[in-house]
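Comments concern the structure below.
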Amino acid sequence: MKTLSQKTFLLLLLAAVVFAPLCCFGQDLTVEGKIAGIGNKKVYLFVRDAHNQDMLLDSTVAAKDSFAFTHKPEELSLYSVTVDSMPGGVRFILDNNVQIEGDSKAIWESSVTGSRLTDEFNNYDKQFTVPARQKLIALSSSMRDPNLNPDKKEEFEKQQQDIVDAERLRAEKYISEHPDSFLSLLFLQSLGKEKSRQMLVTLSLELQKHSIVKAIQEEAQLEASVSAGKPAPGFTVQDMKGNAVSLADYRGQYVLLDFWGSWCGPCIKLIPETKAAYERYKGKKVQFMGIAYDEEKDRAKLSGMIEKHGMAWPQIFQDMSDESKKGVVRSYRVTSFPSVILINPQGNIVYRGIGQDGLVEALKVLDKEVN
């Protein structure tokens, strides 16, 4: 099983920042910067929202490498500045007026001064996140060796998982020991839905007023609305071949939704079992439906994989790079891959699970219900 939080966990391991009252809430703060080599390019200011997405706040045109923004924060948040057509960006917390200085050759290495919280943010990053990231990069590089034998690859994969697990445990420990820390709140977003909900109660009352906490709580309520026993959200979309597919067309049959992606190793390993199950229930009022969650740029790769593995059941493409084009994944609140959701002939969810165990349990339900 691979969760989206696992996939991005190290990118979210940010620096330790104390959650302290911000004297400037409701007041204008400035972000001034000079990045050598950007000339008169367009510069963008983003804020990380409660759902862990970077939202564009403002943009301006630099004048001889220099730029400035004014913003009135309502609560502590992560911000970033990027430059048009240039890779990377610089992250900071806007607890005071900040100054950015760097070079266009490595914008991500720009210095940020004026913010005590950002200093702590960066110190934690250097002490823990960077070393872990470097180890993962080295392992990924080794795994690209075309002559790598399967046993060695499995060993490297285990080492990768051990690093991620160790950093996750470090984050959990930090949350428990620092209930007033803004970093605790940021880590909470990266722990996965179950663990984040469990650890909400460890946060201070002040932190629990933050929009991130409210978003986690709202997500839990939404997820409960698509749990076993609830009506399955309807959808009408096109499959990978351009054919219209509507859940309503399969009323009176069992429908097994298989959520997967070409980027997800555990998903690929499970394809043979899913294919065998499809063959087993063919013609027995059971409809399999793949929900392929990938980026648009990987659509051709995805199509090749579907053809290679002989995945004959309908495949619905969901663009993970475009929020407006992942409605099925969003409406079913799926964040772990592979996931399966089994819908009965009356249109109600009767089972949802993750990974190989999820498929096995879904098939047990079908075995009891389908002759």
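Order determines the names: the first chain of the structure tokens is A, the second B, and so forth; residues in each chain are numbered 1 upward, and ligands are numbered 1 upward as they are shown.
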
Near-range 149-160 of chain A list (8 Å; only C-alpha atoms; drop same-chain fewer than 3 positions) as a list in words: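 In the requested format, the answer is Leu136, Leu139, Met143, Ile163 and Val164 of chain A.
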
Polymer residues at most 9 Å from Ser321 in chain A, only C-alpha atoms, same-chain spacing of 4 or more positions, as JSON, numbers by chain: {"A": [294, 295, 296, 325, 326]}

All strand (DSSP E or B) residues (DSSP, backbone) inside range 114-307 of chain A, as a ChimeraX atom specification: /A:181,231,236-239,244-246,254-260,286-294

Put those residues in a file: N, CA and C atoms, as an mmCIF file, in the first residue's frame.
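Saved the output as out.cif:
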```cif
data_model
loop_
_atom_site.group_PDB
_atom_site.id
_atom_site.type_symbol
_atom_site.label_atom_id
_atom_site.label_comp_id
_atom_site.auth_asym_id
_atom_site.auth_seq_id
_atom_site.Cartn_x
_atom_site.Cartn_y
_atom_site.Cartn_z
ATOM 1 N N SER A 181 3.749 23.624 19.408
ATOM 2 C CA SER A 181 4.609 23.954 18.284
ATOM 3 C C SER A 181 3.842 23.994 16.966
ATOM 4 N N PRO A 231 -24.543 5.389 0.919
ATOM 5 C CA PRO A 231 -24.760 5.371 -0.532
ATOM 6 C C PRO A 231 -23.481 5.737 -1.277
ATOM 7 N N THR A 236 -20.458 10.130 -13.692
ATOM 8 C CA THR A 236 -20.493 9.847 -15.118
ATOM 9 C C THR A 236 -19.250 10.463 -15.728
ATOM 10 N N VAL A 237 -18.357 9.632 -16.240
ATOM 11 C CA VAL A 237 -17.067 10.085 -16.763
ATOM 12 C C VAL A 237 -16.734 9.293 -18.025
ATOM 13 N N GLN A 238 -15.601 9.620 -18.629
ATOM 14 C CA GLN A 238 -15.119 8.856 -19.775
ATOM 15 C C GLN A 238 -14.013 7.906 -19.329
ATOM 16 N N ASP A 239 -13.998 6.710 -19.948
ATOM 17 C CA ASP A 239 -12.904 5.802 -19.646
ATOM 18 C C ASP A 239 -11.704 6.139 -20.529
ATOM 19 N N ALA A 244 -18.279 6.683 -22.471
ATOM 20 C CA ALA A 244 -18.953 7.199 -21.282
ATOM 21 C C ALA A 244 -19.199 6.060 -20.290
ATOM 22 N N VAL A 245 -18.895 6.304 -19.051
ATOM 23 C CA VAL A 245 -19.089 5.323 -17.984
ATOM 24 C C VAL A 245 -19.854 5.989 -16.853
ATOM 25 N N SER A 246 -20.982 5.402 -16.489
ATOM 26 C CA SER A 246 -21.795 5.936 -15.405
ATOM 27 C C SER A 246 -22.047 4.846 -14.380
ATOM 28 N N TYR A 254 -23.008 -5.875 -8.600
ATOM 29 C CA TYR A 254 -21.935 -5.448 -7.711
ATOM 30 C C TYR A 254 -20.889 -4.721 -8.544
ATOM 31 N N VAL A 255 -20.345 -3.653 -8.013
ATOM 32 C CA VAL A 255 -19.298 -2.896 -8.697
ATOM 33 C C VAL A 255 -18.085 -2.822 -7.775
ATOM 34 N N LEU A 256 -16.936 -3.267 -8.276
ATOM 35 C CA LEU A 256 -15.700 -3.178 -7.510
ATOM 36 C C LEU A 256 -14.835 -2.082 -8.124
ATOM 37 N N LEU A 257 -14.655 -0.998 -7.389
ATOM 38 C CA LEU A 257 -13.806 0.097 -7.827
ATOM 39 C C LEU A 257 -12.385 -0.172 -7.359
ATOM 40 N N ASP A 258 -11.463 -0.203 -8.302
ATOM 41 C CA ASP A 258 -10.048 -0.489 -8.015
ATOM 42 C C ASP A 258 -9.245 0.794 -8.248
ATOM 43 N N PHE A 259 -8.804 1.436 -7.176
ATOM 44 C CA PHE A 259 -8.047 2.678 -7.258
ATOM 45 C C PHE A 259 -6.552 2.359 -7.295
ATOM 46 N N TRP A 260 -5.867 2.792 -8.362
ATOM 47 C CA TRP A 260 -4.457 2.453 -8.519
ATOM 48 C C TRP A 260 -3.758 3.535 -9.329
ATOM 49 N N VAL A 286 -21.077 -8.900 -11.724
ATOM 50 C CA VAL A 286 -20.038 -8.157 -11.002
ATOM 51 C C VAL A 286 -19.259 -7.340 -12.028
ATOM 52 N N GLN A 287 -19.202 -6.040 -11.835
ATOM 53 C CA GLN A 287 -18.481 -5.165 -12.747
ATOM 54 C C GLN A 287 -17.230 -4.616 -12.067
ATOM 55 N N PHE A 288 -16.069 -4.862 -12.645
ATOM 56 C CA PHE A 288 -14.822 -4.270 -12.158
ATOM 57 C C PHE A 288 -14.617 -2.933 -12.875
ATOM 58 N N MET A 289 -14.085 -1.959 -12.162
ATOM 59 C CA MET A 289 -13.838 -0.656 -12.744
ATOM 60 C C MET A 289 -12.545 -0.087 -12.151
ATOM 61 N N GLY A 290 -11.545 0.135 -12.996
ATOM 62 C CA GLY A 290 -10.292 0.714 -12.521
ATOM 63 C C GLY A 290 -10.375 2.229 -12.476
ATOM 64 N N ILE A 291 -9.868 2.809 -11.400
ATOM 65 C CA ILE A 291 -9.776 4.260 -11.277
ATOM 66 C C ILE A 291 -8.282 4.581 -11.285
ATOM 67 N N ALA A 292 -7.766 4.910 -12.465
ATOM 68 C CA ALA A 292 -6.329 5.122 -12.642
ATOM 69 C C ALA A 292 -5.960 6.564 -12.290
ATOM 70 N N TYR A 293 -5.203 6.705 -11.225
ATOM 71 C CA TYR A 293 -4.860 8.025 -10.681
ATOM 72 C C TYR A 293 -3.431 8.372 -11.064
ATOM 73 N N ASP A 294 -3.261 9.195 -12.092
ATOM 74 C CA ASP A 294 -1.940 9.526 -12.616
ATOM 75 C C ASP A 294 -1.930 10.965 -13.108
#
```

Option closest in space to Glu167 in chain A, from A:Ala106, A:Met311, A:Ala132, A:Val90 [counting only C-alpha atoms]: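 Smallest separation from Glu167 in chain A among the options: A:Ala132.
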
CA of Gly114 in chain A to CA of Ala171 in chain A, distance in Å rounded to a single decimal: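 According to the coordinates, CA of Gly114 in chain A and CA of Ala171 in chain A are separated by 26.1 Å.
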
Closest of A:Gln198, A:Ser77, A:Ser303, A:Thr118 to Leu186 in chain A - atom-to-atom distances counting only C-alpha atoms: A:Ser77

Atomic distance CA of Ile343 in chain A - CA of Lys275 in chain A, expressed in Å with one decimal: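 Spanning CA of Ile343 in chain A to CA of Lys275 in chain A is a straight-line distance of 18.4 Å.
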
What lies within 8 Å of Leu76 in chain A using only C-alpha atoms, ignoring chain neighbours under 4 positions off, as a PDB file with C-alpha atoms, in the first residue's frame?
```pdb
ATOM      1  CA  LEU A  22       1.687  36.570  16.337  1.00  0.00           C
ATOM      2  CA  ILE A  93       6.782  31.574   7.745  1.00  0.00           C
ATOM      3  CA  LEU A  94       5.397  35.094   7.792  1.00  0.00           C
ATOM      4  CA  ASP A  95       5.558  35.959  11.494  1.00  0.00           C
ATOM      5  CA  PHE A 182       3.474  25.114  14.870  1.00  0.00           C
TER       6      PHE A 182
END
```

CA of Lys41 in chain A to CA of Ser59 in chain A, straight-line distance in Å: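 CA of Lys41 in chain A lies at a distance of 10.5 Å from CA of Ser59 in chain A.
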
Every residue of range 300-366 of chain A that DSSP places in alpha helix (DSSP H), as a ChimeraX atom specification: /A:300-308,327-331,355-366

Please save C-alpha atoms of the selected residues as a compact mmCIF listing (two decimals), in the first residue's frame.
```
# COMPACT_ATOMS: atom_id res chain seq x y z
CA ALA A 300 0.70 7.15 -22.49
CA LYS A 301 2.73 5.21 -19.92
CA LEU A 302 -0.49 4.28 -18.15
CA SER A 303 -2.13 3.09 -21.37
CA GLY A 304 0.90 0.94 -22.16
CA MET A 305 0.75 -0.63 -18.71
CA ILE A 306 -2.96 -1.40 -19.09
CA GLU A 307 -2.32 -3.09 -22.43
CA LYS A 308 0.75 -4.96 -21.20
CA GLY A 327 -13.67 13.96 -8.97
CA VAL A 328 -14.09 10.22 -8.40
CA VAL A 329 -10.99 9.97 -6.20
CA ARG A 330 -12.08 13.07 -4.29
CA SER A 331 -15.73 12.10 -3.83
CA GLY A 355 -3.75 -2.99 -0.32
CA GLN A 356 -3.77 -6.72 -0.92
CA ASP A 357 -5.76 -7.34 2.27
CA GLY A 358 -8.43 -4.99 1.00
CA LEU A 359 -8.83 -6.93 -2.24
CA VAL A 360 -8.93 -10.26 -0.40
CA GLU A 361 -11.65 -9.05 1.97
CA ALA A 362 -13.71 -7.54 -0.85
CA LEU A 363 -13.60 -10.87 -2.68
CA LYS A 364 -14.77 -12.65 0.47
CA VAL A 365 -17.85 -10.44 0.46
CA LEU A 366 -18.47 -11.27 -3.19
```

Residues near range 218-229 of chain A, cut-off 8 Å, only C-alpha atoms, skip fewer than 5 positions along chain, as a list in words: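 The contact residues come out as Arg197, Tyr332, Arg333, Asn348, Ile349, Val350, Tyr351 and Arg352 of chain A.
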
Selection export as a tab-separated table (two decimals), in the first residue's frame, atoms kept: N, CA and C atoms:
```
chain	number	residue	atom	x	y	z
A	197	ARG	N	-5.59	12.06	12.98
A	197	ARG	CA	-6.80	12.21	13.78
A	197	ARG	C	-6.57	11.76	15.22
A	332	TYR	N	-14.82	9.90	-3.25
A	332	TYR	CA	-14.74	8.69	-2.42
A	332	TYR	C	-13.67	8.82	-1.33
A	333	ARG	N	-13.04	10.00	-1.25
A	333	ARG	CA	-12.05	10.29	-0.20
A	333	ARG	C	-10.94	9.24	-0.16
A	348	ASN	N	-25.17	0.89	-2.61
A	348	ASN	CA	-24.56	1.24	-1.32
A	348	ASN	C	-23.17	0.61	-1.18
A	349	ILE	N	-22.29	1.30	-0.50
A	349	ILE	CA	-20.96	0.77	-0.23
A	349	ILE	C	-21.07	-0.33	0.81
A	350	VAL	N	-20.54	-1.51	0.50
A	350	VAL	CA	-20.59	-2.60	1.47
A	350	VAL	C	-19.22	-2.94	2.03
A	351	TYR	N	-18.17	-2.46	1.35
A	351	TYR	CA	-16.82	-2.69	1.88
A	351	TYR	C	-15.85	-1.71	1.23
A	352	ARG	N	-14.87	-1.25	2.00
A	352	ARG	CA	-13.76	-0.51	1.45
A	352	ARG	C	-12.50	-0.90	2.21
```

Among listed residues A:Gln346, A:Gln315, A:Ser339, A:Ser142, nearest Arg251 in chain A (using only C-alpha atoms):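 Using only C-alpha atoms, the shortest distance to Arg251 in chain A belongs to A:Gln346.
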
Distance criterion (only C-alpha atoms): nearest to Ile341 in chain A out of A:Asn147, A:Pro272, A:Glu74, A:Lys230: A:Lys230

Pick from A:Val81, A:Arg116, A:Ala36, A:Val43, whichever lies nearest to Ser104 in chain A using only C-alpha atoms: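 Smallest separation from Ser104 in chain A among the options: A:Ala36.
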
A:Lys285, A:Arg280, A:His210, A:Arg48 ranked by distance to Tyr250 in chain A, top pick (using only C-alpha atoms):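 Counting only C-alpha atoms, the residue closest to Tyr250 in chain A is A:Lys285.
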